[in-house]
Amino acid sequence: MIGLWRGATFAAACLALAGCAQIGDALAGLGAPPRPFEATPAPSAPDYGREEAWLAFPGRNGLERSTTPGVAAVDEATAPADVFFIHPTTYQKNDVWNVAYDAEGEFDMAVLLAQASVFNGCCRIYAPRYRQASLRALDKSRPAVELAYSDVARAFAYYIAHENHGRPFIIAAHSQGSMHAVKLLQAEILGTPLQKRMVTAYVIGAYVPSAFGEIGLPVCDAPRQTGCILSWNTSQTGRDGAFRLIQDKTYWWQGAYRSENQPPAICVNPLTWRRTDAAPASADNGSLPFPAPTTARTAVSLPVLTPRLTGARCDQGLLWVDIPRAAPKGFHDILSLLYGSYHLGDYGIFYGPLRANAIDRVEAWRAAPPTPGA
């Protein structure tokens, strides 16, 4: 969710797409940290043994427990699985390389309402705060990105050691969080006993290489398939702005960062849960508009979902949609209007299908869990 709250600046919108050509290159320099990364003390590291180090944590009835009318969140005491959710960039300034983990970001509440809450039908939700890389750092400072990832890896290790207790789990992420998830999957999960407990990885809103299948993690291609990875980047049909999210990227792969010979991006259609099928708007059982700002810190009632908002199809690594100009408030924003990118709506546009699918995949995993050691 790199980008904008309602009314955010054109600069943030351009940075969200990592460019906007020459305009984005100029704006990326605005509000730079006062000193180079190497001369800047890192913010204090979060202690994941303390609940305040978590944006979402079971037992708090936080905004991630919010539901739409007529829908209930699962009882956390009996939830069949967990979600480890890596949040996107929520801080919208360029005055630091890494953000203090306890600095409130403009998008913290929106992330809980519009993204993390989609998993409260199946799972306990764990979302660590971390020293996220600022917008400028994402593009300009690999050490700042590494510092952010180090927190994510420590949070995951803490979750496994102290909270998981052998339960099945989902990895979920968006934007900067998905960049970290690509590395976390390779460094901490694939080829370990944890892989058999991972129901699915929803690594959305960033470049995710389709070569995961070559290293032991298949790309999902069926609605109830488990032990697989899926992703999409939502774009208005025929517009090219969102290509900046999936082309010419630097990404972690097999122990090092790469920026050449990039495999195609994963695109799985959330209206069919397959890689190639197109789906009409009638397949969309409910979309959630981008949430309005809120001062609430506990669960609230989300708006009624909008059915049949758009169809969808995967092509050229993007998920193409056609959202009507007359769609209800909250489905269009600066990025979509100027560049055709629905980056902010990657979760919300497919909220109903995503919620149902997470429940289905957990049920499928429980019905046929992988055999240990197989």
# chains A, B, ... in the order shown; residues from 1 in each chain; ligands from 1

$ residues_around --residues "stretch 103-108 of chain A" --least-positions-apart "3" --cutoff "7 Å" --atoms "only C-alpha atoms" --output "list in words"
Thr90, Tyr91, Gln92, Val99, Ala100, Val111 and Leu112 of chain A

$ residues_around --residues "A:Ala110" --least-positions-apart "6" --cutoff "10 Å" --atoms "only C-alpha atoms" --output "PyMOL selection string"
chain A and resi 1+5+63-64+90+116+290-294

$ atom_distance --atom1 "atom CA of A:Arg224" --atom2 "atom CA of A:Gly286"
19.4 Å

$ residues_around --residues "stretch 355-366 of chain A" --least-positions-apart "3" --cutoff "9 Å" --atoms "only C-alpha atoms" --output "list in words"
Pro80, Ala81, Ser117, Val118, Phe119, Asn120, Gly121, Cys122, Cys123, Pro168, Phe169, Ile170, Arg197, Met198, Val199, Thr200, Pro223, Arg224, Gln225, Thr226, Gly227, Pro270, Trp273, Phe350, Tyr351, Gly352, Pro369 and Pro370 of chain A

$ write_last_selection --atoms "C-alpha atoms" --output "short mmCIF file (atom, residue, chain, number, x, y, z; two decimals), in the first residue's frame"
data_model
loop_
_atom_site.label_atom_id
_atom_site.label_comp_id
_atom_site.auth_asym_id
_atom_site.auth_seq_id
_atom_site.Cartn_x
_atom_site.Cartn_y
_atom_site.Cartn_z
CA PRO A 80 -7.88 -23.67 12.85
CA ALA A 81 -4.87 -21.71 11.53
CA SER A 117 -9.19 -8.39 8.31
CA VAL A 118 -9.78 -10.54 5.23
CA PHE A 119 -8.20 -13.44 7.14
CA ASN A 120 -10.29 -13.24 10.31
CA GLY A 121 -12.71 -15.86 9.02
CA CYS A 122 -10.11 -18.61 9.31
CA CYS A 123 -7.25 -17.49 11.39
CA PRO A 168 -0.88 -24.56 10.04
CA PHE A 169 -0.22 -21.01 8.94
CA ILE A 170 -0.63 -18.65 6.00
CA ARG A 197 2.59 -26.43 7.71
CA MET A 198 2.29 -23.49 5.32
CA VAL A 199 -1.22 -23.53 3.86
CA THR A 200 -0.63 -20.87 1.19
CA PRO A 223 -9.05 -22.79 -5.56
CA ARG A 224 -8.28 -25.35 -2.84
CA GLN A 225 -4.65 -26.09 -3.66
CA THR A 226 -2.35 -25.82 -0.65
CA GLY A 227 1.39 -25.49 -0.19
CA PRO A 270 -8.64 -14.16 -7.54
CA TRP A 273 -7.88 -18.95 -8.51
CA PHE A 350 -11.30 -8.93 -4.21
CA TYR A 351 -12.17 -8.89 -0.51
CA GLY A 352 -15.09 -11.35 -0.69
CA PRO A 369 -2.33 -32.28 5.70
CA PRO A 370 1.05 -33.14 4.19
#

$ residues_around --residues "stretch 245-256 of chain A" --least-positions-apart "2" --cutoff "9 Å" --atoms "only C-alpha atoms" --output "MDAnalysis selection string"
chainID A and resid 16:18 179:180 182:183 186:187 205:209 215 233 241:243 258:260 262 264:265 317:318

$ residues_around --residues "stretch 136-151 of chain A" --least-positions-apart "3" --cutoff "8 Å" --atoms "only C-alpha atoms" --output "PyMOL selection string"
chain A and resi 18+28-29+32+37+45-46+94+97-98+130-133+154-155+180

$ closest_residue --among "A:Asp82, A:Cys220, A:Pro36, A:Ser178" --to "A:His165" --atoms "only C-alpha atoms"
A:Asp82

$ select_by_dssp --residues "stretch 76-324 of chain A" --states "alpha helix (DSSP H)" --output "ChimeraX atom specification"
/A:108-114,135-140,142-159,176-184

$ closest_residue --among "A:Gln195, A:Asn269, A:Thr68, A:Thr371" --to "A:Ala312" --atoms "only C-alpha atoms"
A:Asn269

$ residues_around --residues "stretch 321-337 of chain A" --least-positions-apart "2" --cutoff "7 Å" --atoms "only C-alpha atoms" --output "PyMOL selection string"
chain A and resi 13+234-237+289-290+309-312+319+339-342

$ write_last_selection --atoms "all heavy atoms" --output "CSV table (one decimal), in the first residue's frame"
chain,number,residue,atom,x,y,z
A,13,ALA,N,1.9,9.5,-4.8
A,13,ALA,CA,1.3,8.6,-5.8
A,13,ALA,C,2.4,8.1,-6.8
A,13,ALA,O,2.4,7.0,-7.2
A,13,ALA,CB,0.2,9.3,-6.6
A,234,THR,N,-3.0,-5.4,-9.6
A,234,THR,CA,-4.3,-5.0,-10.3
A,234,THR,C,-4.1,-3.8,-11.1
A,234,THR,O,-3.6,-2.8,-10.7
A,234,THR,CB,-5.4,-4.8,-9.3
A,234,THR,OG1,-5.3,-5.9,-8.3
A,234,THR,CG2,-6.7,-4.8,-9.9
A,235,SER,N,-4.6,-3.8,-12.4
A,235,SER,CA,-4.4,-2.7,-13.3
A,235,SER,C,-5.7,-2.6,-14.2
A,235,SER,O,-6.3,-3.6,-14.6
A,235,SER,CB,-3.2,-3.0,-14.2
A,235,SER,OG,-3.1,-1.9,-15.2
A,236,GLN,N,-6.0,-1.3,-14.5
A,236,GLN,CA,-7.0,-1.1,-15.5
A,236,GLN,C,-6.6,-1.6,-16.8
A,236,GLN,O,-5.5,-1.4,-17.3
A,236,GLN,CB,-7.3,0.4,-15.6
A,236,GLN,CG,-8.5,0.7,-16.5
A,236,GLN,CD,-8.8,2.2,-16.6
A,236,GLN,OE1,-8.4,3.0,-15.7
A,236,GLN,NE2,-9.5,2.6,-17.7
A,237,THR,N,-7.5,-2.4,-17.5
A,237,THR,CA,-7.2,-3.0,-18.7
A,237,THR,C,-6.7,-2.0,-19.8
A,237,THR,O,-7.2,-0.9,-20.0
A,237,THR,CB,-8.5,-3.6,-19.3
A,237,THR,OG1,-8.9,-4.7,-18.4
A,237,THR,CG2,-8.2,-4.3,-20.7
A,289,PRO,N,-14.5,-1.1,-0.4
A,289,PRO,CA,-13.9,0.2,-0.7
A,289,PRO,C,-12.7,0.5,0.2
A,289,PRO,O,-12.7,0.1,1.4
A,289,PRO,CB,-15.0,1.2,-0.6
A,289,PRO,CG,-16.0,0.6,0.3
A,289,PRO,CD,-15.9,-0.9,0.1
A,290,PHE,N,-11.8,1.3,-0.3
A,290,PHE,CA,-10.7,1.8,0.6
A,290,PHE,C,-11.3,2.5,1.8
A,290,PHE,O,-12.1,3.4,1.6
A,290,PHE,CB,-9.7,2.7,-0.2
A,290,PHE,CG,-8.4,2.9,0.5
A,290,PHE,CD1,-7.4,2.0,0.5
A,290,PHE,CD2,-8.2,4.1,1.2
A,290,PHE,CE1,-6.2,2.2,1.1
A,290,PHE,CE2,-7.0,4.3,1.8
A,290,PHE,CZ,-6.0,3.4,1.8
A,309,LEU,N,-18.4,-5.9,-8.9
A,309,LEU,CA,-17.7,-4.7,-9.3
A,309,LEU,C,-16.9,-4.8,-10.6
A,309,LEU,O,-17.0,-3.9,-11.4
A,309,LEU,CB,-16.7,-4.3,-8.2
A,309,LEU,CG,-15.9,-3.0,-8.4
A,309,LEU,CD1,-16.8,-1.8,-8.3
A,309,LEU,CD2,-14.8,-2.9,-7.4
A,310,THR,N,-16.3,-5.9,-10.8
A,310,THR,CA,-15.4,-6.0,-12.0
A,310,THR,C,-15.1,-7.5,-12.3
A,310,THR,O,-15.1,-8.3,-11.4
A,310,THR,CB,-14.1,-5.3,-11.8
A,310,THR,OG1,-13.3,-5.4,-13.0
A,310,THR,CG2,-13.3,-5.9,-10.6
A,311,GLY,N,-14.9,-7.8,-13.6
A,311,GLY,CA,-14.3,-9.1,-13.9
A,311,GLY,C,-12.8,-8.9,-13.8
A,311,GLY,O,-12.3,-7.9,-13.4
A,312,ALA,N,-12.1,-10.0,-14.2
A,312,ALA,CA,-10.6,-10.0,-14.1
A,312,ALA,C,-10.0,-11.0,-15.0
A,312,ALA,O,-10.6,-12.1,-15.2
A,312,ALA,CB,-10.2,-10.2,-12.6
A,319,LEU,N,-3.0,-8.2,-13.4
A,319,LEU,CA,-4.4,-8.6,-13.3
A,319,LEU,C,-5.2,-7.5,-13.9
A,319,LEU,O,-5.3,-6.4,-13.2
A,319,LEU,CB,-4.7,-8.9,-11.9
A,319,LEU,CG,-6.2,-9.4,-11.6
A,319,LEU,CD1,-6.4,-10.8,-12.2
A,319,LEU,CD2,-6.5,-9.4,-10.1
A,339,TYR,N,-2.7,6.5,-13.6
A,339,TYR,CA,-1.8,5.5,-14.1
A,339,TYR,C,-2.5,4.2,-14.4
A,339,TYR,O,-1.8,3.2,-14.8
A,339,TYR,CB,-0.6,5.3,-13.2
A,339,TYR,CG,0.1,6.6,-13.1
A,339,TYR,CD1,0.0,7.4,-11.9
A,339,TYR,CD2,0.9,7.2,-14.1
A,339,TYR,CE1,0.7,8.6,-11.8
A,339,TYR,CE2,1.5,8.4,-14.1
A,339,TYR,CZ,1.4,9.1,-12.9
A,339,TYR,OH,2.0,10.3,-12.8
A,340,GLY,N,-3.7,4.0,-14.0
A,340,GLY,CA,-4.4,2.8,-14.2
A,340,GLY,C,-4.0,1.7,-13.2
A,340,GLY,O,-4.4,0.5,-13.4
A,341,SER,N,-3.3,2.0,-12.1
A,341,SER,CA,-2.9,1.0,-11.1
A,341,SER,C,-3.9,1.1,-10.0
A,341,SER,O,-4.1,2.1,-9.3
A,341,SER,CB,-1.5,1.4,-10.6
A,341,SER,OG,-1.2,0.5,-9.5
A,342,TYR,N,-4.4,-0.1,-9.7
A,342,TYR,CA,-5.3,-0.3,-8.5
A,342,TYR,C,-4.5,-0.9,-7.4
A,342,TYR,O,-5.0,-1.8,-6.6
A,342,TYR,CB,-6.5,-1.1,-8.9
A,342,TYR,CG,-7.5,-0.3,-9.7
A,342,TYR,CD1,-7.5,-0.4,-11.1
A,342,TYR,CD2,-8.4,0.5,-9.1
A,342,TYR,CE1,-8.4,0.3,-11.8
A,342,TYR,CE2,-9.3,1.3,-9.8
A,342,TYR,CZ,-9.3,1.1,-11.2
A,342,TYR,OH,-10.2,1.9,-11.9

$ atom_distance --atom1 "atom CA of A:Val152" --atom2 "atom CA of A:Thr192"
17.9 Å

$ atom_distance --atom1 "atom CA of A:Val300" --atom2 "atom CA of A:Ser66"
5.0 Å
